[in-house]
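Undergrad: Next comes the structure file model24.cif, holding mmCIF, C-alpha atoms and all ligand atoms.
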data_query
loop_
_atom_site.group_PDB
_atom_site.id
_atom_site.type_symbol
_atom_site.label_atom_id
_atom_site.label_comp_id
_atom_site.auth_asym_id
_atom_site.auth_seq_id
_atom_site.Cartn_x
_atom_site.Cartn_y
_atom_site.Cartn_z
ATOM 1 C CA MET A 132 58.164 10.392 -51.395
ATOM 2 C CA SER A 133 58.961 14.054 -50.903
ATOM 3 C CA ARG A 134 60.057 16.288 -53.820
ATOM 4 C CA ALA A 135 63.584 16.493 -52.379
ATOM 5 C CA ARG A 136 63.826 12.706 -52.156
ATOM 6 C CA ARG A 137 62.539 12.312 -55.724
ATOM 7 C CA LEU A 138 65.169 14.790 -56.968
ATOM 8 C CA LEU A 139 67.883 12.965 -55.045
ATOM 9 C CA ALA A 140 66.746 9.617 -56.446
ATOM 10 C CA ALA A 141 66.708 11.050 -59.979
ATOM 11 C CA ALA A 142 70.251 12.391 -59.518
ATOM 12 C CA VAL A 143 71.475 9.015 -58.280
ATOM 13 C CA VAL A 144 69.841 7.219 -61.236
ATOM 14 C CA ALA A 145 71.315 9.729 -63.732
ATOM 15 C CA LYS A 146 74.791 9.402 -62.229
ATOM 16 C CA THR A 147 74.590 5.597 -62.234
ATOM 17 C CA ALA A 148 73.376 5.578 -65.851
ATOM 18 C CA GLY A 149 76.172 7.964 -66.862
ATOM 19 C CA ILE A 150 78.840 5.793 -65.274
ATOM 20 C CA ALA A 151 77.323 2.664 -66.846
ATOM 21 C CA TYR A 152 77.347 4.341 -70.258
ATOM 22 C CA ALA A 153 80.963 5.520 -69.814
ATOM 23 C CA ALA A 154 82.018 1.987 -68.827
ATOM 24 C CA TRP A 155 80.316 0.698 -72.005
ATOM 25 C CA GLU A 156 81.914 3.354 -74.234
ATOM 26 C CA ALA A 157 85.361 2.366 -72.972
ATOM 27 C CA HIS A 158 84.937 -0.883 -74.983
ATOM 28 C CA GLN A 159 83.596 0.678 -78.207
ATOM 29 C CA TYR A 160 86.828 0.456 -80.194
ATOM 30 C CA ARG A 161 86.910 2.261 -83.502
ATOM 31 C CA LEU A 162 89.308 2.728 -86.379
ATOM 32 C CA ARG A 163 89.721 6.350 -87.404
ATOM 33 C CA ARG A 164 91.065 7.075 -90.895
ATOM 34 C CA VAL A 165 92.830 10.268 -91.819
ATOM 35 C CA THR A 166 94.730 11.483 -94.886
ATOM 36 C CA VAL A 167 97.877 13.541 -94.275
ATOM 37 C CA PRO A 168 99.597 15.496 -97.081
ATOM 38 C CA ALA A 169 103.072 14.970 -95.657
ATOM 39 C CA LEU A 170 105.081 13.383 -98.499
ATOM 40 C CA ASP A 171 107.163 15.003 -101.198
ATOM 41 C CA GLU A 172 105.879 15.325 -104.738
ATOM 42 C CA GLY A 173 105.740 12.067 -106.654
ATOM 43 C CA ALA A 174 105.899 9.775 -103.610
ATOM 44 C CA GLU A 175 103.637 6.742 -103.389
ATOM 45 C CA PRO A 176 101.022 6.882 -100.596
ATOM 46 C CA LEU A 177 102.152 5.320 -97.318
ATOM 47 C CA ARG A 178 99.719 3.771 -94.821
ATOM 48 C CA VAL A 179 100.653 4.145 -91.150
ATOM 49 C CA LEU A 180 98.789 2.482 -88.278
ATOM 50 C CA HIS A 181 99.071 4.529 -85.074
ATOM 51 C CA LEU A 182 98.507 2.565 -81.860
ATOM 52 C CA SER A 183 98.686 4.076 -78.401
ATOM 53 C CA ASP A 184 97.715 3.628 -74.767
ATOM 54 C CA LEU A 185 96.525 0.020 -74.880
ATOM 55 C CA HIS A 186 96.787 -0.188 -71.067
ATOM 56 C CA LEU A 187 96.330 -3.926 -71.486
ATOM 57 C CA THR A 188 95.663 -6.387 -68.673
ATOM 58 C CA PRO A 189 95.532 -10.210 -69.007
ATOM 59 C CA ARG A 190 91.724 -10.199 -68.677
ATOM 60 C CA GLN A 191 90.982 -7.783 -71.544
ATOM 61 C CA LYS A 192 90.270 -10.385 -74.232
ATOM 62 C CA GLY A 193 87.929 -8.165 -76.266
ATOM 63 C CA LYS A 194 90.430 -5.359 -76.643
ATOM 64 C CA ALA A 195 93.203 -7.814 -77.503
ATOM 65 C CA ALA A 196 91.079 -9.465 -80.216
ATOM 66 C CA TRP A 197 90.132 -6.100 -81.707
ATOM 67 C CA VAL A 198 93.762 -4.982 -81.868
ATOM 68 C CA ARG A 199 94.936 -8.270 -83.421
ATOM 69 C CA GLN A 200 92.478 -7.998 -86.299
ATOM 70 C CA LEU A 201 94.022 -4.651 -87.298
ATOM 71 C CA ALA A 202 96.754 -6.656 -89.046
ATOM 72 C CA ALA A 203 94.211 -7.284 -91.816
ATOM 73 C CA LEU A 204 94.632 -3.611 -92.770
ATOM 74 C CA GLU A 205 98.158 -4.486 -93.935
ATOM 75 C CA PRO A 206 99.663 -1.086 -93.075
ATOM 76 C CA ASP A 207 103.140 -0.223 -94.337
ATOM 77 C CA LEU A 208 104.347 1.012 -90.955
ATOM 78 C CA ILE A 209 103.186 0.892 -87.331
ATOM 79 C CA VAL A 210 103.828 3.663 -84.832
ATOM 80 C CA ASN A 211 103.295 2.700 -81.186
ATOM 81 C CA THR A 212 103.357 5.666 -78.812
ATOM 82 C CA GLY A 213 103.448 3.761 -75.540
ATOM 83 C CA ASP A 214 101.421 2.939 -72.430
ATOM 84 C CA ASN A 215 101.004 -0.675 -73.541
ATOM 85 C CA LEU A 216 100.869 -2.141 -70.034
ATOM 86 C CA ALA A 217 98.441 -1.959 -67.146
ATOM 87 C CA HIS A 218 99.382 -5.063 -65.153
ATOM 88 C CA PRO A 219 102.611 -6.733 -63.962
ATOM 89 C CA ASP A 220 101.743 -9.852 -66.013
ATOM 90 C CA ALA A 221 100.706 -8.018 -69.172
ATOM 91 C CA VAL A 222 103.915 -8.238 -71.222
ATOM 92 C CA PRO A 223 103.173 -11.703 -72.721
ATOM 93 C CA VAL A 224 99.606 -10.583 -73.416
ATOM 94 C CA VAL A 225 100.774 -7.448 -75.232
ATOM 95 C CA LEU A 226 103.281 -9.413 -77.296
ATOM 96 C CA LYS A 227 100.633 -12.010 -78.193
ATOM 97 C CA THR A 228 98.109 -9.287 -79.016
ATOM 98 C CA LEU A 229 100.546 -7.446 -81.265
ATOM 99 C CA ASP A 230 102.070 -10.640 -82.708
ATOM 100 C CA PRO A 231 100.664 -10.294 -86.256
ATOM 101 C CA LEU A 232 101.524 -6.582 -86.247
ATOM 102 C CA LEU A 233 105.121 -7.253 -85.201
ATOM 103 C CA ASP A 234 105.676 -8.795 -88.652
ATOM 104 C CA ILE A 235 105.169 -5.288 -90.097
ATOM 105 C CA PRO A 236 107.859 -2.564 -89.859
ATOM 106 C CA GLY A 237 107.311 -0.540 -86.713
ATOM 107 C CA VAL A 238 108.722 2.080 -84.355
ATOM 108 C CA PHE A 239 107.907 2.629 -80.702
ATOM 109 C CA VAL A 240 108.474 4.732 -77.603
ATOM 110 C CA MET A 241 107.527 4.027 -74.004
ATOM 111 C CA GLY A 242 104.983 5.768 -71.802
ATOM 112 C CA SER A 243 104.935 6.114 -68.039
ATOM 113 C CA ASN A 244 102.530 3.174 -67.770
ATOM 114 C CA ASP A 245 105.070 0.887 -69.418
ATOM 115 C CA TYR A 246 107.418 1.628 -66.532
ATOM 116 C CA TYR A 247 105.026 1.690 -63.566
ATOM 117 C CA GLY A 248 101.836 -0.176 -62.743
ATOM 118 C CA PRO A 249 98.456 1.461 -62.268
ATOM 119 C CA VAL A 250 97.692 3.241 -59.031
ATOM 120 C CA TRP A 251 94.550 5.068 -57.963
ATOM 121 C CA LYS A 252 94.676 8.858 -58.334
ATOM 122 C CA ASN A 253 92.172 11.495 -57.354
ATOM 123 C CA PRO A 254 90.445 12.518 -60.645
ATOM 124 C CA ALA A 255 90.404 16.136 -59.445
ATOM 125 C CA ARG A 256 94.198 16.324 -59.815
ATOM 126 C CA TYR A 257 93.768 16.317 -63.607
ATOM 127 C CA LEU A 258 91.848 19.599 -63.373
ATOM 128 C CA LEU A 259 94.553 21.302 -61.306
ATOM 129 C CA PRO A 260 97.848 22.815 -62.517
ATOM 130 C CA ASP A 261 100.574 20.172 -62.902
ATOM 131 C CA SER A 262 102.815 20.273 -59.840
ATOM 132 C CA GLY A 263 105.325 17.994 -61.556
ATOM 133 C CA GLY A 264 104.884 15.361 -58.854
ATOM 134 C CA ARG A 265 104.055 11.855 -60.065
ATOM 135 C CA ILE A 266 102.335 9.028 -58.202
ATOM 136 C CA LEU A 267 104.039 5.854 -59.404
ATOM 137 C CA GLY A 268 102.896 2.259 -59.006
ATOM 138 C CA GLU A 269 105.071 -0.828 -58.875
ATOM 139 C CA PRO A 270 107.872 -1.115 -61.471
ATOM 140 C CA LEU A 271 106.867 -3.136 -64.559
ATOM 141 C CA PRO A 272 109.068 -5.447 -66.705
ATOM 142 C CA TRP A 273 109.370 -2.922 -69.514
ATOM 143 C CA LYS A 274 112.737 -4.278 -70.683
ATOM 144 C CA VAL A 275 111.056 -7.588 -71.572
ATOM 145 C CA LEU A 276 108.484 -5.664 -73.589
ATOM 146 C CA ARG A 277 111.181 -3.587 -75.308
ATOM 147 C CA ASP A 278 113.242 -6.686 -76.134
ATOM 148 C CA GLY A 279 110.134 -8.415 -77.468
ATOM 149 C CA PHE A 280 109.461 -5.531 -79.843
ATOM 150 C CA VAL A 281 113.097 -5.167 -80.929
ATOM 151 C CA SER A 282 113.548 -8.913 -81.508
ATOM 152 C CA ARG A 283 110.789 -8.727 -84.107
ATOM 153 C CA GLY A 284 112.294 -5.740 -85.881
ATOM 154 C CA TRP A 285 110.480 -2.784 -84.370
ATOM 155 C CA ILE A 286 112.781 0.191 -83.831
ATOM 156 C CA ASP A 287 113.255 1.629 -80.338
ATOM 157 C CA LEU A 288 113.024 5.441 -80.637
ATOM 158 C CA ASN A 289 113.341 6.243 -76.932
ATOM 159 C CA ASN A 290 115.782 9.166 -77.177
ATOM 160 C CA HIS A 291 117.045 7.635 -80.415
ATOM 161 C CA ASP A 292 116.836 8.188 -84.119
ATOM 162 C CA ALA A 293 116.684 5.828 -87.082
ATOM 163 C CA ASP A 294 116.954 5.994 -90.845
ATOM 164 C CA PHE A 295 115.159 3.266 -92.753
ATOM 165 C CA LYS A 296 113.088 2.503 -95.800
ATOM 166 C CA VAL A 297 109.512 1.284 -96.005
ATOM 167 C CA ARG A 298 108.713 0.153 -99.529
ATOM 168 C CA GLN A 299 110.343 2.906 -101.593
ATOM 169 C CA GLN A 300 109.957 5.667 -98.984
ATOM 170 C CA ARG A 301 113.014 6.686 -96.977
ATOM 171 C CA ILE A 302 112.092 7.669 -93.424
ATOM 172 C CA ALA A 303 114.202 9.593 -90.915
ATOM 173 C CA ALA A 304 112.664 9.057 -87.485
ATOM 174 C CA ALA A 305 113.503 10.484 -84.089
ATOM 175 C CA GLY A 306 111.828 9.931 -80.768
ATOM 176 C CA THR A 307 112.018 10.629 -77.085
ATOM 177 C CA ASP A 308 111.466 8.687 -73.921
ATOM 178 C CA ASP A 309 108.398 9.761 -71.955
ATOM 179 C CA PRO A 310 108.204 13.542 -71.325
ATOM 180 C CA HIS A 311 105.522 13.016 -68.654
ATOM 181 C CA LEU A 312 108.211 11.467 -66.455
ATOM 182 C CA GLY A 313 110.836 13.979 -67.609
ATOM 183 C CA LEU A 314 112.750 11.232 -69.456
ATOM 184 C CA ASP A 315 112.878 13.072 -72.795
ATOM 185 C CA ARG A 316 116.367 13.912 -74.079
ATOM 186 C CA TYR A 317 115.494 15.358 -77.454
ATOM 187 C CA ALA A 318 118.634 17.525 -77.543
ATOM 188 C CA ASP A 319 120.749 14.356 -77.434
ATOM 189 C CA VAL A 320 119.032 12.839 -80.472
ATOM 190 C CA PRO A 321 121.132 13.477 -83.617
ATOM 191 C CA TYR A 322 119.739 16.234 -85.774
ATOM 192 C CA ARG A 323 118.969 15.481 -89.396
ATOM 193 C CA ALA A 324 118.271 18.351 -91.744
ATOM 194 C CA PRO A 325 115.187 18.077 -93.942
ATOM 195 C CA GLU A 326 116.023 16.437 -97.251
ATOM 196 C CA HIS A 327 113.940 16.085 -100.384
ATOM 197 C CA GLY A 328 112.363 12.666 -100.660
ATOM 198 C CA VAL A 329 112.846 11.843 -96.988
ATOM 199 C CA LEU A 330 109.863 11.691 -94.635
ATOM 200 C CA ARG A 331 110.824 12.972 -91.186
ATOM 201 C CA ILE A 332 108.694 11.627 -88.346
ATOM 202 C CA GLY A 333 108.904 12.450 -84.658
ATOM 203 C CA VAL A 334 107.543 10.068 -82.030
ATOM 204 C CA THR A 335 106.886 10.712 -78.369
ATOM 205 C CA HIS A 336 104.425 9.473 -75.775
ATOM 206 C CA ALA A 337 103.203 12.624 -74.039
ATOM 207 C CA PRO A 338 102.910 15.645 -76.373
ATOM 208 C CA TYR A 339 104.529 18.242 -74.141
ATOM 209 C CA LEU A 340 105.180 21.389 -76.152
ATOM 210 C CA ARG A 341 108.909 21.420 -75.366
ATOM 211 C CA VAL A 342 109.223 18.229 -77.414
ATOM 212 C CA VAL A 343 106.541 18.692 -80.051
ATOM 213 C CA ASP A 344 107.466 22.268 -80.918
ATOM 214 C CA ALA A 345 111.195 21.481 -80.931
ATOM 215 C CA MET A 346 110.521 18.731 -83.480
ATOM 216 C CA ALA A 347 108.272 21.021 -85.501
ATOM 217 C CA GLY A 348 110.968 23.700 -85.452
ATOM 218 C CA ASP A 349 113.526 21.197 -86.751
ATOM 219 C CA GLY A 350 111.511 20.526 -89.873
ATOM 220 C CA PHE A 351 109.738 17.282 -89.030
ATOM 221 C CA ASP A 352 106.904 16.466 -91.398
ATOM 222 C CA LEU A 353 104.711 14.515 -88.986
ATOM 223 C CA ILE A 354 104.813 13.998 -85.217
ATOM 224 C CA PHE A 355 103.018 11.151 -83.426
ATOM 225 C CA ALA A 356 101.930 11.188 -79.779
ATOM 226 C CA GLY A 357 99.444 9.586 -77.402
ATOM 227 C CA HIS A 358 99.023 9.964 -73.637
ATOM 228 C CA THR A 359 96.049 12.354 -73.643
ATOM 229 C CA HIS A 360 93.370 9.663 -74.059
ATOM 230 C CA GLY A 361 91.654 12.407 -76.051
ATOM 231 C CA GLY A 362 90.598 13.916 -72.732
ATOM 232 C CA GLN A 363 88.965 10.556 -71.788
ATOM 233 C CA LEU A 364 85.912 12.230 -70.247
ATOM 234 C CA CYS A 365 84.756 14.838 -72.763
ATOM 235 C CA LEU A 366 81.813 17.178 -72.970
ATOM 236 C CA PRO A 367 79.636 16.489 -76.049
ATOM 237 C CA GLY A 368 79.811 19.499 -78.348
ATOM 238 C CA PHE A 369 82.765 20.959 -76.465
ATOM 239 C CA GLY A 370 85.461 18.308 -76.334
ATOM 240 C CA ALA A 371 88.304 17.589 -73.979
ATOM 241 C CA LEU A 372 88.654 19.300 -70.622
ATOM 242 C CA VAL A 373 92.226 18.128 -69.995
ATOM 243 C CA THR A 374 95.226 16.742 -71.898
ATOM 244 C CA ASN A 375 97.308 15.733 -68.848
ATOM 245 C CA CYS A 376 100.149 17.837 -70.303
ATOM 246 C CA ASP A 377 100.598 21.364 -71.649
ATOM 247 C CA LEU A 378 99.131 20.662 -75.096
ATOM 248 C CA PRO A 379 95.969 22.750 -75.651
ATOM 249 C CA THR A 380 92.735 20.840 -75.102
ATOM 250 C CA SER A 381 91.707 21.739 -78.672
ATOM 251 C CA GLN A 382 94.492 19.381 -79.835
ATOM 252 C CA ALA A 383 93.747 16.564 -77.368
ATOM 253 C CA SER A 384 93.264 14.099 -80.229
ATOM 254 C CA GLY A 385 93.319 13.976 -84.014
ATOM 255 C CA LEU A 386 95.380 15.706 -86.674
ATOM 256 C CA HIS A 387 96.603 19.238 -85.996
ATOM 257 C CA VAL A 388 99.240 21.724 -87.123
ATOM 258 C CA ARG A 389 102.198 22.761 -84.952
ATOM 259 C CA GLY A 390 104.377 25.266 -86.789
ATOM 260 C CA ASP A 391 105.164 23.707 -90.180
ATOM 261 C CA ALA A 392 104.565 20.155 -88.926
ATOM 262 C CA TRP A 393 101.565 17.887 -88.682
ATOM 263 C CA LEU A 394 100.846 16.555 -85.202
ATOM 264 C CA HIS A 395 98.758 13.418 -84.819
ATOM 265 C CA VAL A 396 97.542 12.693 -81.296
ATOM 266 C CA SER A 397 95.888 9.328 -80.705
ATOM 267 C CA ALA A 398 93.028 9.184 -78.223
ATOM 268 C CA GLY A 399 94.349 5.711 -77.435
ATOM 269 C CA LEU A 400 92.737 2.332 -76.908
ATOM 270 C CA GLY A 401 92.530 2.055 -73.152
ATOM 271 C CA THR A 402 92.342 3.604 -69.749
ATOM 272 C CA SER A 403 93.939 2.967 -66.432
ATOM 273 C CA PRO A 404 92.186 0.008 -64.719
ATOM 274 C CA THR A 405 91.519 2.386 -61.828
ATOM 275 C CA ALA A 406 89.304 4.596 -64.063
ATOM 276 C CA PRO A 407 87.861 2.277 -66.760
ATOM 277 C CA ILE A 408 85.483 4.816 -68.246
ATOM 278 C CA ARG A 409 85.394 7.072 -71.306
ATOM 279 C CA PHE A 410 82.745 9.577 -72.310
ATOM 280 C CA ALA A 411 82.237 11.200 -75.742
ATOM 281 C CA CYS A 412 85.732 9.949 -76.561
ATOM 282 C CA PRO A 413 85.708 6.301 -77.677
ATOM 283 C CA PRO A 414 88.910 4.241 -77.753
ATOM 284 C CA GLU A 415 90.621 4.301 -81.116
ATOM 285 C CA ALA A 416 93.408 3.275 -83.422
ATOM 286 C CA THR A 417 94.184 5.416 -86.471
ATOM 287 C CA LEU A 418 95.105 4.513 -90.020
ATOM 288 C CA LEU A 419 96.891 7.484 -91.562
ATOM 289 C CA THR A 420 97.327 7.559 -95.324
ATOM 290 C CA LEU A 421 100.267 9.801 -96.139
ATOM 291 C CA VAL A 422 100.139 11.411 -99.562
ATOM 292 C CA PRO A 423 102.164 14.082 -101.394
ATOM 293 C CA ALA A 424 101.623 17.568 -100.047
ATOM 294 C CA ASP A 425 100.579 18.935 -103.410
HETATM 295 FE FE FE B 1 97.806 6.277 -71.288
#
Would you write out, as structure tokens, the structure that this file holds?

TA:
Amino acid sequence: MSRARRLLAAAVVAKTAGIAYAAWEAHQYRLRRVTVPALDEGAEPLRVLHLSDLHLTPRQKGKAAWVRQLAALEPDLIVNTGDNLAHPDAVPVVLKTLDPLLDIPGVFVMGSNDYYGPVWKNPARYLLPDSGGRILGEPLPWKVLRDGFVSRGWIDLNNHDADFKVRQQRIAAAGTDDPHLGLDRYADVPYRAPEHGVLRIGVTHAPYLRVVDAMAGDGFDLIFAGHTHGGQLCLPGFGALVTNCDLPTSQASGLHVRGDAWLHVSAGLGTSPTAPIRFACPPEATLLTLVPAD
């Protein structure tokens, strides 16, 4: 074999091994734990489970089982930042998967993949400036999913607010519908001034700065988002190359500061079925323990 052929063969083997590894990593679910000093002085710690971007299909038994066992954590509150679906028949699977978690107080917003089914996209488009155009798959039965969540007590924060108590902590929450599809109407959500003893949380699917920074400017304590998949294909030692929105890549996942607010971005639990790979960015759920800021 010539030197050129050996090099070509080596490149093919390396590429195949890389794709095989990335397909394996996409199933290496992990629970990330983070402490957030977001409560007022004297408040009891509050444990919040952040779920995002399940992108569930009926065949993904392993992911469903992993998510179901998270109920054993017994969190005080669940925040679901959307993109639950990845198949027209996935609603019953999502509701069954989340069944034990739906007994726990929760809030949710929708992502674009709750509204439209997966469709193949050229990966190169994620590296180019966002033209604003969206390639949408077939409409999904998102109303059935929404009604399933609401019937169990989870609060719909799509362009809505809510004021409720979890244990002894009063929470003022506000959310938007998906900014990636331009469905966010944050200005229409009633404004609530910061108040001592009240935790203010903002919830949105895609962390576009027009939403995140508006919430931060309004005095929210903690903002939850998903959508980025943490970059999905990351460079070891460097991190995310894209966020699929205008959030800086340095904030593609994890806990960050925006103005006076905390921003938590989940790297999410899934991928589109058309690109079932992750690299240096394993799928995750996050358990946030909120404690007094002092
Ligand atoms: Fe997603």

Undergrad: Given the choices A:Pro176, A:Pro260, A:Gly248, A:Pro379, which gets closest to ligand FE 1 (chain B) if the distance is worked out from all atoms listed in the file?

TA: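 Closest to ligand FE 1 (chain B) of all the choices is A:Gly248.
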
Undergrad: Any residue with an atom at most 8 Å from ligand FE 1 (chain B) counts, using only C-alpha atoms and all ligand atoms. Which are they? Put them as a list in words.

TA: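 Answer in the requested format: Ser183, Asp184, Leu185, His186, Gly213, Asp214, Asn215, Gly242, Ser243, Asn244, Gly357, His358, Thr359, His360, Gly399, Gly401, Thr402 and Ser403 of chain A.
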
Undergrad: How many Å lie between CA of Trp155 (chain A) and CA of Val210 (chain A), rounded to one decimal?

TA: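 Value for the CA of Trp155 (chain A)-CA of Val210 (chain A) distance: 26.9 Å.
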
Undergrad: Counting all atoms listed in the file, which residues sit no farther than 12 Å from the position (82.1, 3.2, -70.7) in the file's frame? I'd like them as a PDB file with C-alpha atoms, in the frame of the given file.

TA:
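The resulting file, part.pdb, is shown below:
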ATOM      1  CA  THR A 147      74.590   5.597 -62.234  1.00  0.00           C
ATOM      2  CA  ALA A 148      73.376   5.578 -65.851  1.00  0.00           C
ATOM      3  CA  GLY A 149      76.172   7.964 -66.862  1.00  0.00           C
ATOM      4  CA  ILE A 150      78.840   5.793 -65.274  1.00  0.00           C
ATOM      5  CA  ALA A 151      77.323   2.664 -66.846  1.00  0.00           C
ATOM      6  CA  TYR A 152      77.347   4.341 -70.258  1.00  0.00           C
ATOM      7  CA  ALA A 153      80.963   5.520 -69.814  1.00  0.00           C
ATOM      8  CA  ALA A 154      82.018   1.987 -68.827  1.00  0.00           C
ATOM      9  CA  TRP A 155      80.316   0.698 -72.005  1.00  0.00           C
ATOM     10  CA  GLU A 156      81.914   3.354 -74.234  1.00  0.00           C
ATOM     11  CA  ALA A 157      85.361   2.366 -72.972  1.00  0.00           C
ATOM     12  CA  HIS A 158      84.937  -0.883 -74.983  1.00  0.00           C
ATOM     13  CA  GLN A 159      83.596   0.678 -78.207  1.00  0.00           C
ATOM     14  CA  TYR A 160      86.828   0.456 -80.194  1.00  0.00           C
ATOM     15  CA  GLN A 363      88.965  10.556 -71.788  1.00  0.00           C
ATOM     16  CA  LEU A 364      85.912  12.230 -70.247  1.00  0.00           C
ATOM     17  CA  GLY A 401      92.530   2.055 -73.152  1.00  0.00           C
ATOM     18  CA  THR A 402      92.342   3.604 -69.749  1.00  0.00           C
ATOM     19  CA  ALA A 406      89.304   4.596 -64.063  1.00  0.00           C
ATOM     20  CA  PRO A 407      87.861   2.277 -66.760  1.00  0.00           C
ATOM     21  CA  ILE A 408      85.483   4.816 -68.246  1.00  0.00           C
ATOM     22  CA  ARG A 409      85.394   7.072 -71.306  1.00  0.00           C
ATOM     23  CA  PHE A 410      82.745   9.577 -72.310  1.00  0.00           C
ATOM     24  CA  ALA A 411      82.237  11.200 -75.742  1.00  0.00           C
ATOM     25  CA  CYS A 412      85.732   9.949 -76.561  1.00  0.00           C
ATOM     26  CA  PRO A 413      85.708   6.301 -77.677  1.00  0.00           C
ATOM     27  CA  PRO A 414      88.910   4.241 -77.753  1.00  0.00           C
TER      28      PRO A 414
END

Undergrad: Using all atoms listed in the file, can you tell me which of A:Ala169, A:Val222, A:Leu138, A:Ala304 comes closest to Thr420 (chain A)?

TA: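 For Thr420 (chain A), the nearest of the given residues is A:Ala169.
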
Undergrad: Let me make sure I understand: among A:Ala203, A:Val224, A:Leu276, A:Val167, which one has the smallest atom-to-atom distance to Pro189 (chain A) if we use only C-alpha atoms?

TA: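 So, comparing all the options, the nearest one is A:Val224.
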
Undergrad: At a cut-off of 12 Å around the point (109.1, 3.5, -67.3) (file coordinates), what residues fall inside when counting only C-alpha atoms? I'd like the answer as a PyMOL selection string.

TA: chain A and resi 213-217+240-249+267-274+276-277+289+308-315+336

Undergrad: Between A:Pro404, A:Ala356, A:Ser282, A:Asn290, single out the one closest to Val250 (chain A), counting only C-alpha atoms.

TA: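 Of the candidates, the smallest distance to Val250 (chain A) is held by A:Pro404.
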
Undergrad: Any idea what the distance is between CA of Val165 (chain A) and CA of Val396 (chain A)?

TA: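 According to the coordinates, CA of Val165 (chain A) and CA of Val396 (chain A) are separated by 11.8 Å.
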
Undergrad: One number please: CA of Pro168 (chain A) to CA of Leu353 (chain A), in Å, one decimal.

TA: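 Between CA of Pro168 (chain A) and CA of Leu353 (chain A) the gap is 9.6 Å.
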
Undergrad: Have a look at A:Arg163, A:Pro219, A:Leu233, A:Leu177 and name the one nearest to Arg199 (chain A); count all atoms listed in the file.

TA: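 Comparing A:Arg163, A:Pro219, A:Leu233, A:Leu177 against Arg199 (chain A), the winner is A:Leu233.
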